[in-house]
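Novice: What follows is structure-v4.pdb, PDB, C-alpha atoms, pLDDT in the B column.
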```
ATOM      1  CA  MET A   1    -126.934 -95.623-157.139  1.00 53.00           C
ATOM      2  CA  ASN A   2    -127.712 -92.844-159.612  1.00 56.00           C
ATOM      3  CA  THR A   3    -128.304 -90.330-156.813  1.00 62.00           C
ATOM      4  CA  PHE A   4    -124.969 -91.217-155.248  1.00 61.00           C
ATOM      5  CA  LEU A   5    -123.152 -90.779-158.554  1.00 59.00           C
ATOM      6  CA  GLU A   6    -124.894 -87.462-159.194  1.00 63.00           C
ATOM      7  CA  GLY A   7    -123.871 -86.330-155.713  1.00 64.00           C
ATOM      8  CA  ILE A   8    -120.259 -87.191-156.520  1.00 62.00           C
ATOM      9  CA  LYS A   9    -120.566 -85.284-159.782  1.00 60.00           C
ATOM     10  CA  GLU A  10    -121.848 -82.164-158.050  1.00 63.00           C
ATOM     11  CA  LYS A  11    -119.494 -82.211-155.048  1.00 62.00           C
ATOM     12  CA  ARG A  12    -116.256 -83.372-156.618  1.00 61.00           C
ATOM     13  CA  GLY A  13    -116.610 -81.974-160.120  1.00 59.00           C
ATOM     14  CA  ILE A  14    -116.042 -85.344-161.796  1.00 55.00           C
ATOM     15  CA  LYS A  15    -116.629 -85.251-165.527  1.00 56.00           C
ATOM     16  CA  VAL A  16    -119.779 -86.835-166.902  1.00 57.00           C
ATOM     17  CA  ASN A  17    -117.655 -89.202-169.010  1.00 65.00           C
ATOM     18  CA  ASN A  18    -116.118 -90.750-165.887  1.00 65.00           C
ATOM     19  CA  LEU A  19    -119.554 -91.211-164.355  1.00 65.00           C
ATOM     20  CA  THR A  20    -120.841 -92.783-167.546  1.00 75.00           C
ATOM     21  CA  VAL A  21    -117.971 -95.259-167.529  1.00 77.00           C
ATOM     22  CA  LEU A  22    -118.538 -96.058-163.851  1.00 73.00           C
ATOM     23  CA  ARG A  23    -122.294 -96.486-164.369  1.00 78.00           C
ATOM     24  CA  SER A  24    -121.772 -98.704-167.433  1.00 81.00           C
ATOM     25  CA  THR A  25    -119.205-100.826-165.623  1.00 85.00           C
ATOM     26  CA  SER A  26    -121.549-101.289-162.659  1.00 82.00           C
ATOM     27  CA  LEU A  27    -124.437-102.306-164.901  1.00 85.00           C
ATOM     28  CA  GLY A  28    -122.200-104.658-166.872  1.00 86.00           C
ATOM     29  CA  CYS A  29    -120.998-106.374-163.703  1.00 83.00           C
ATOM     30  CA  ALA A  30    -124.593-106.733-162.526  1.00 84.00           C
ATOM     31  CA  VAL A  31    -125.656-108.342-165.815  1.00 85.00           C
ATOM     32  CA  ILE A  32    -122.727-110.738-165.715  1.00 85.00           C
ATOM     33  CA  ALA A  33    -123.417-111.676-162.078  1.00 80.00           C
ATOM     34  CA  ILE A  34    -127.145-112.227-162.605  1.00 84.00           C
ATOM     35  CA  ILE A  35    -127.341-113.780-166.075  1.00 85.00           C
ATOM     36  CA  VAL A  36    -123.967-115.097-167.230  1.00 81.00           C
ATOM     37  CA  LEU A  37    -122.262-116.566-164.155  1.00 77.00           C
ATOM     38  CA  PRO A  38    -125.114-118.850-163.034  1.00 77.00           C
ATOM     39  CA  ASN A  39    -125.260-120.440-166.506  1.00 80.00           C
ATOM     40  CA  LEU A  40    -121.538-121.201-166.816  1.00 80.00           C
ATOM     41  CA  LYS A  41    -120.545-124.839-166.502  1.00 80.00           C
ATOM     42  CA  ILE A  42    -117.426-124.538-164.341  1.00 79.00           C
ATOM     43  CA  ASP A  43    -116.169-127.268-162.058  1.00 82.00           C
ATOM     44  CA  ILE A  44    -115.710-125.369-158.778  1.00 81.00           C
ATOM     45  CA  PRO A  45    -116.072-126.965-155.327  1.00 84.00           C
ATOM     46  CA  VAL A  46    -119.190-125.971-153.394  1.00 81.00           C
ATOM     47  CA  LYS A  47    -117.098-124.693-150.466  1.00 89.00           C
ATOM     48  CA  THR A  48    -115.280-122.270-152.737  1.00 87.00           C
ATOM     49  CA  VAL A  49    -118.514-121.022-154.266  1.00 80.00           C
ATOM     50  CA  ASN A  50    -120.034-120.545-150.794  1.00 85.00           C
ATOM     51  CA  ALA A  51    -116.951-118.667-149.577  1.00 89.00           C
ATOM     52  CA  TRP A  52    -116.998-116.331-152.593  1.00 84.00           C
ATOM     53  CA  SER A  53    -120.741-115.834-152.244  1.00 84.00           C
ATOM     54  CA  ASP A  54    -120.410-114.915-148.566  1.00 88.00           C
ATOM     55  CA  ALA A  55    -117.523-112.545-149.254  1.00 90.00           C
ATOM     56  CA  ILE A  56    -119.337-110.747-152.069  1.00 86.00           C
ATOM     57  CA  SER A  57    -122.535-110.521-149.983  1.00 87.00           C
ATOM     58  CA  LEU A  58    -120.649-108.948-147.073  1.00 91.00           C
ATOM     59  CA  ILE A  59    -118.852-106.492-149.340  1.00 90.00           C
ATOM     60  CA  SER A  60    -122.167-105.518-150.952  1.00 86.00           C
ATOM     61  CA  LEU A  61    -123.810-105.060-147.564  1.00 91.00           C
ATOM     62  CA  GLY A  62    -120.916-102.890-146.384  1.00 90.00           C
ATOM     63  CA  LEU A  63    -121.134-100.803-149.536  1.00 86.00           C
ATOM     64  CA  ALA A  64    -124.893-100.338-149.106  1.00 88.00           C
ATOM     65  CA  ILE A  65    -124.506 -99.252-145.474  1.00 91.00           C
ATOM     66  CA  THR A  66    -121.708 -96.847-146.446  1.00 89.00           C
ATOM     67  CA  LEU A  67    -123.837 -95.283-149.199  1.00 84.00           C
ATOM     68  CA  ILE A  68    -126.740 -94.839-146.753  1.00 88.00           C
ATOM     69  CA  GLY A  69    -124.346 -93.123-144.332  1.00 86.00           C
ATOM     70  CA  PHE A  70    -123.072 -90.776-147.064  1.00 84.00           C
ATOM     71  CA  LYS A  71    -126.619 -89.892-148.074  1.00 84.00           C
ATOM     72  CA  THR A  72    -127.605 -89.207-144.458  1.00 84.00           C
ATOM     73  CA  GLU A  73    -124.560 -86.997-143.944  1.00 82.00           C
ATOM     74  CA  ARG A  74    -125.252 -85.071-147.150  1.00 80.00           C
ATOM     75  CA  THR A  75    -128.902 -84.568-146.136  1.00 82.00           C
ATOM     76  CA  ARG A  76    -127.899 -83.419-142.650  1.00 81.00           C
ATOM     77  CA  LYS A  77    -125.458 -80.858-144.057  1.00 80.00           C
ATOM     78  CA  SER A  78    -128.111 -79.586-146.450  1.00 79.00           C
ATOM     79  CA  LEU A  79    -130.660 -79.206-143.632  1.00 79.00           C
ATOM     80  CA  SER A  80    -128.053 -77.483-141.467  1.00 80.00           C
ATOM     81  CA  ASN A  81    -127.315 -74.978-144.234  1.00 78.00           C
ATOM     82  CA  LYS A  82    -131.036 -74.293-144.762  1.00 79.00           C
ATOM     83  CA  THR A  83    -131.565 -73.839-141.014  1.00 81.00           C
ATOM     84  CA  MET A  84    -128.639 -71.427-140.782  1.00 80.00           C
ATOM     85  CA  PHE A  85    -129.960 -69.434-143.753  1.00 78.00           C
ATOM     86  CA  THR A  86    -133.452 -69.244-142.216  1.00 81.00           C
ATOM     87  CA  ARG A  87    -132.020 -68.248-138.848  1.00 79.00           C
ATOM     88  CA  ASN A  88    -130.040 -65.434-140.478  1.00 79.00           C
ATOM     89  CA  GLU A  89    -133.102 -64.287-142.408  1.00 81.00           C
ATOM     90  CA  VAL A  90    -135.247 -64.179-139.258  1.00 78.00           C
ATOM     91  CA  SER A  91    -132.516 -62.349-137.352  1.00 80.00           C
ATOM     92  CA  GLU A  92    -132.236 -59.744-140.103  1.00 81.00           C
ATOM     93  CA  PHE A  93    -136.027 -59.319-140.157  1.00 78.00           C
ATOM     94  CA  PHE A  94    -136.201 -58.711-136.409  1.00 75.00           C
ATOM     95  CA  LYS A  95    -133.409 -56.146-136.694  1.00 80.00           C
ATOM     96  CA  SER A  96    -135.321 -54.253-139.374  1.00 82.00           C
ATOM     97  CA  THR A  97    -137.827 -51.488-138.633  1.00 83.00           C
ATOM     98  CA  GLU A  98    -140.709 -53.657-139.835  1.00 83.00           C
ATOM     99  CA  GLY A  99    -139.637 -56.455-137.510  1.00 77.00           C
ATOM    100  CA  GLN A 100    -139.341 -54.103-134.549  1.00 82.00           C
ATOM    101  CA  ASN A 101    -142.817 -52.700-135.280  1.00 83.00           C
ATOM    102  CA  LEU A 102    -144.223 -56.243-135.417  1.00 83.00           C
ATOM    103  CA  ILE A 103    -142.618 -57.125-132.068  1.00 82.00           C
ATOM    104  CA  ASP A 104    -143.817 -53.885-130.443  1.00 84.00           C
ATOM    105  CA  GLU A 105    -147.388 -54.483-131.712  1.00 87.00           C
ATOM    106  CA  ARG A 106    -147.375 -58.042-130.372  1.00 85.00           C
ATOM    107  CA  ILE A 107    -146.104 -56.894-126.968  1.00 86.00           C
ATOM    108  CA  ARG A 108    -148.777 -54.175-126.868  1.00 86.00           C
ATOM    109  CA  ARG A 109    -151.540 -56.690-127.680  1.00 87.00           C
ATOM    110  CA  LEU A 110    -150.342 -59.125-125.029  1.00 84.00           C
ATOM    111  CA  GLY A 111    -150.155 -56.274-122.477  1.00 82.00           C
ATOM    112  CA  LEU A 112    -153.734 -55.245-123.248  1.00 80.00           C
ATOM    113  CA  GLN A 113    -154.843 -58.858-123.040  1.00 81.00           C
ATOM    114  CA  ASP A 114    -153.207 -59.201-119.605  1.00 77.00           C
ATOM    115  CA  VAL A 115    -154.833 -55.973-118.386  1.00 76.00           C
ATOM    116  CA  ASN A 116    -158.241 -57.219-119.564  1.00 77.00           C
ATOM    117  CA  MET A 117    -157.772 -60.577-117.838  1.00 77.00           C
ATOM    118  CA  ILE A 118    -156.756 -58.863-114.576  1.00 76.00           C
ATOM    119  CA  GLY A 119    -159.800 -56.577-114.825  1.00 73.00           C
ATOM    120  CA  GLU A 120    -162.121 -59.547-115.350  1.00 71.00           C
ATOM    121  CA  PHE A 121    -160.546 -61.431-112.445  1.00 68.00           C
ATOM    122  CA  ASN A 122    -160.968 -58.435-110.112  1.00 68.00           C
ATOM    123  CA  ALA A 123    -164.600 -57.984-111.216  1.00 69.00           C
ATOM    124  CA  GLU A 124    -165.386 -61.658-110.513  1.00 69.00           C
ATOM    125  CA  SER A 125    -163.742 -61.649-107.093  1.00 66.00           C
ATOM    126  CA  LYS A 126    -165.834 -58.691-105.831  1.00 61.00           C
TER     127      LYS A 126
END
```
Using C-alpha cells, write down the structure from this file.
Specialist:
Amino acid sequence: MNTFLEGIKEKRGIKVNNLTVLRSTSLGCAVIAIIVLPNLKIDIPVKTVNAWSDAISLISLGLAITLIGFKTERTRKSLSNKTMFTRNEVSEFFKSTEGQNLIDERIRRLGLQDVNMIGEFNAESK
C-alpha cells in the first residue's frame, strides 16, 4: 500500500499531508475492522453479517487486483522508457567515429576468420 501511495505522490503531485491522512484513515479502518468490530455485542442477523462480509471481501479483492494492475502498468512504462533510452544510446554510439571503428574492426576480424576457415577446408579436401 505504501508503494502505491508513493507512486501517486510522485505522479500526481499530491501533497504529503493528503497522503498522511489517507494512510492514517486506512490504518484506522483496519484496526477497527480487526480489533473493535468482532468484539462488539450487536444483535445483527447472520444473513446480514454474511452478506456484508461477502461484499467487503469482493471489494477488497477487486481493489487488490486493481492495485496489482497499476503496479504492472507503471513497471512496464518504466522498462519501456529505459529500453528506449538504451536504444538511443546504442544508436548514437554506432553513429560516432568510435562506434564505426569498432564495427569495421569486427567486420575485418570476421572476414579474416572466414578466409582462414576456407583455407583450412581447401587444405583438408586436397
Novice: To one decimal place, how far is CA of Thr97 in chain A from CA of Asn116 in chain A in Å?
Specialist: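 Pair CA of Thr97 in chain A / CA of Asn116 in chain A returns 28.5 Å.
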Novice: Using CA of Arg87 in chain A and CA of Glu73 in chain A as the two end points, give the distance in Å to one decimal.
Specialist: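 So the answer is 20.8 Å.
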Novice: In Å, with one decimal, what is the gap from CA of Ala51 in chain A to CA of Val21 in chain A?
Specialist: 29.5 Å
Novice: Missing atoms in range 89-100 of chain A need filling: write out all heavy atoms for it as a PDB file, keeping the file's coordinate frame.
Specialist:
```pdb
ATOM      1  N   GLU A  89    -132.015 -65.087-141.847  1.00 81.00           N
ATOM      2  CA  GLU A  89    -133.102 -64.287-142.408  1.00 81.00           C
ATOM      3  C   GLU A  89    -134.008 -63.741-141.311  1.00 81.00           C
ATOM      4  O   GLU A  89    -134.384 -62.571-141.328  1.00 81.00           O
ATOM      5  CB  GLU A  89    -133.936 -65.154-143.365  1.00 81.00           C
ATOM      6  CG  GLU A  89    -133.773 -64.807-144.791  1.00 81.00           C
ATOM      7  CD  GLU A  89    -134.712 -65.613-145.676  1.00 81.00           C
ATOM      8  OE1 GLU A  89    -135.670 -66.236-145.195  1.00 81.00           O
ATOM      9  OE2 GLU A  89    -134.475 -65.585-146.880  1.00 81.00           O
ATOM     10  N   VAL A  90    -134.379 -64.596-140.360  1.00 78.00           N
ATOM     11  CA  VAL A  90    -135.247 -64.179-139.258  1.00 78.00           C
ATOM     12  C   VAL A  90    -134.546 -63.122-138.413  1.00 78.00           C
ATOM     13  O   VAL A  90    -135.154 -62.118-138.018  1.00 78.00           O
ATOM     14  CB  VAL A  90    -135.659 -65.395-138.404  1.00 78.00           C
ATOM     15  CG1 VAL A  90    -136.344 -64.973-137.123  1.00 78.00           C
ATOM     16  CG2 VAL A  90    -136.558 -66.326-139.198  1.00 78.00           C
ATOM     17  N   SER A  91    -133.283 -63.318-138.138  1.00 80.00           N
ATOM     18  CA  SER A  91    -132.516 -62.349-137.352  1.00 80.00           C
ATOM     19  C   SER A  91    -132.482 -60.991-138.043  1.00 80.00           C
ATOM     20  O   SER A  91    -132.681 -59.957-137.404  1.00 80.00           O
ATOM     21  CB  SER A  91    -131.101 -62.878-137.140  1.00 80.00           C
ATOM     22  OG  SER A  91    -130.323 -61.956-136.456  1.00 80.00           O
ATOM     23  N   GLU A  92    -132.254 -60.996-139.347  1.00 81.00           N
ATOM     24  CA  GLU A  92    -132.236 -59.744-140.103  1.00 81.00           C
ATOM     25  C   GLU A  92    -133.612 -59.078-140.093  1.00 81.00           C
ATOM     26  O   GLU A  92    -133.717 -57.854-140.000  1.00 81.00           O
ATOM     27  CB  GLU A  92    -131.783 -59.989-141.541  1.00 81.00           C
ATOM     28  CG  GLU A  92    -130.311 -60.319-141.674  1.00 81.00           C
ATOM     29  CD  GLU A  92    -129.415 -59.181-141.218  1.00 81.00           C
ATOM     30  OE1 GLU A  92    -129.733 -58.015-141.500  1.00 81.00           O
ATOM     31  OE2 GLU A  92    -128.399 -59.471-140.561  1.00 81.00           O
ATOM     32  N   PHE A  93    -134.675 -59.883-140.180  1.00 78.00           N
ATOM     33  CA  PHE A  93    -136.027 -59.319-140.157  1.00 78.00           C
ATOM     34  C   PHE A  93    -136.309 -58.638-138.830  1.00 78.00           C
ATOM     35  O   PHE A  93    -136.864 -57.547-138.777  1.00 78.00           O
ATOM     36  CB  PHE A  93    -137.069 -60.408-140.428  1.00 78.00           C
ATOM     37  CG  PHE A  93    -138.481 -59.919-140.318  1.00 78.00           C
ATOM     38  CD1 PHE A  93    -139.037 -59.131-141.306  1.00 78.00           C
ATOM     39  CD2 PHE A  93    -139.243 -60.244-139.212  1.00 78.00           C
ATOM     40  CE1 PHE A  93    -140.340 -58.671-141.200  1.00 78.00           C
ATOM     41  CE2 PHE A  93    -140.548 -59.789-139.095  1.00 78.00           C
ATOM     42  CZ  PHE A  93    -141.093 -59.001-140.093  1.00 78.00           C
ATOM     43  N   PHE A  94    -135.940 -59.295-137.724  1.00 75.00           N
ATOM     44  CA  PHE A  94    -136.201 -58.711-136.409  1.00 75.00           C
ATOM     45  C   PHE A  94    -135.364 -57.456-136.163  1.00 75.00           C
ATOM     46  O   PHE A  94    -135.746 -56.592-135.392  1.00 75.00           O
ATOM     47  CB  PHE A  94    -135.970 -59.724-135.295  1.00 75.00           C
ATOM     48  CG  PHE A  94    -137.082 -60.737-135.187  1.00 75.00           C
ATOM     49  CD1 PHE A  94    -136.801 -62.057-134.904  1.00 75.00           C
ATOM     50  CD2 PHE A  94    -138.401 -60.366-135.356  1.00 75.00           C
ATOM     51  CE1 PHE A  94    -137.823 -62.985-134.795  1.00 75.00           C
ATOM     52  CE2 PHE A  94    -139.425 -61.280-135.255  1.00 75.00           C
ATOM     53  CZ  PHE A  94    -139.136 -62.595-134.977  1.00 75.00           C
ATOM     54  N   LYS A  95    -134.234 -57.341-136.829  1.00 80.00           N
ATOM     55  CA  LYS A  95    -133.409 -56.146-136.694  1.00 80.00           C
ATOM     56  C   LYS A  95    -133.959 -54.983-137.521  1.00 80.00           C
ATOM     57  O   LYS A  95    -133.658 -53.827-137.240  1.00 80.00           O
ATOM     58  CB  LYS A  95    -131.968 -56.439-137.122  1.00 80.00           C
ATOM     59  CG  LYS A  95    -131.217 -57.321-136.155  1.00 80.00           C
ATOM     60  CD  LYS A  95    -129.819 -57.604-136.671  1.00 80.00           C
ATOM     61  CE  LYS A  95    -129.096 -58.570-135.749  1.00 80.00           C
ATOM     62  NZ  LYS A  95    -127.768 -58.927-136.278  1.00 80.00           N
ATOM     63  N   SER A  96    -134.778 -55.303-138.512  1.00 82.00           N
ATOM     64  CA  SER A  96    -135.321 -54.253-139.374  1.00 82.00           C
ATOM     65  C   SER A  96    -136.419 -53.475-138.651  1.00 82.00           C
ATOM     66  O   SER A  96    -136.937 -53.894-137.618  1.00 82.00           O
ATOM     67  CB  SER A  96    -135.880 -54.861-140.663  1.00 82.00           C
ATOM     68  OG  SER A  96    -137.064 -55.579-140.377  1.00 82.00           O
ATOM     69  N   THR A  97    -136.773 -52.332-139.206  1.00 83.00           N
ATOM     70  CA  THR A  97    -137.827 -51.488-138.633  1.00 83.00           C
ATOM     71  C   THR A  97    -139.166 -52.221-138.643  1.00 83.00           C
ATOM     72  O   THR A  97    -139.918 -52.171-137.661  1.00 83.00           O
ATOM     73  CB  THR A  97    -137.946 -50.181-139.452  1.00 83.00           C
ATOM     74  OG1 THR A  97    -136.671 -49.563-139.505  1.00 83.00           O
ATOM     75  CG2 THR A  97    -138.951 -49.238-138.829  1.00 83.00           C
ATOM     76  N   GLU A  98    -139.454 -52.911-139.735  1.00 83.00           N
ATOM     77  CA  GLU A  98    -140.709 -53.657-139.835  1.00 83.00           C
ATOM     78  C   GLU A  98    -140.785 -54.746-138.772  1.00 83.00           C
ATOM     79  O   GLU A  98    -141.825 -54.942-138.140  1.00 83.00           O
ATOM     80  CB  GLU A  98    -140.830 -54.275-141.229  1.00 83.00           C
ATOM     81  CG  GLU A  98    -142.148 -54.976-141.481  1.00 83.00           C
ATOM     82  CD  GLU A  98    -142.208 -55.597-142.872  1.00 83.00           C
ATOM     83  OE1 GLU A  98    -141.298 -55.348-143.692  1.00 83.00           O
ATOM     84  OE2 GLU A  98    -143.166 -56.326-143.122  1.00 83.00           O
ATOM     85  N   GLY A  99    -139.687 -55.413-138.536  1.00 77.00           N
ATOM     86  CA  GLY A  99    -139.637 -56.455-137.510  1.00 77.00           C
ATOM     87  C   GLY A  99    -139.833 -55.880-136.119  1.00 77.00           C
ATOM     88  O   GLY A  99    -140.557 -56.443-135.299  1.00 77.00           O
ATOM     89  N   GLN A 100    -139.189 -54.755-135.855  1.00 82.00           N
ATOM     90  CA  GLN A 100    -139.341 -54.103-134.549  1.00 82.00           C
ATOM     91  C   GLN A 100    -140.783 -53.658-134.331  1.00 82.00           C
ATOM     92  O   GLN A 100    -141.327 -53.811-133.234  1.00 82.00           O
ATOM     93  CB  GLN A 100    -138.392 -52.903-134.440  1.00 82.00           C
ATOM     94  CG  GLN A 100    -136.943 -53.292-134.225  1.00 82.00           C
ATOM     95  CD  GLN A 100    -136.749 -54.035-132.919  1.00 82.00           C
ATOM     96  OE1 GLN A 100    -137.364 -53.743-131.912  1.00 82.00           O
ATOM     97  NE2 GLN A 100    -135.903 -55.052-132.971  1.00 82.00           N
TER      98      GLN A 100
END
```
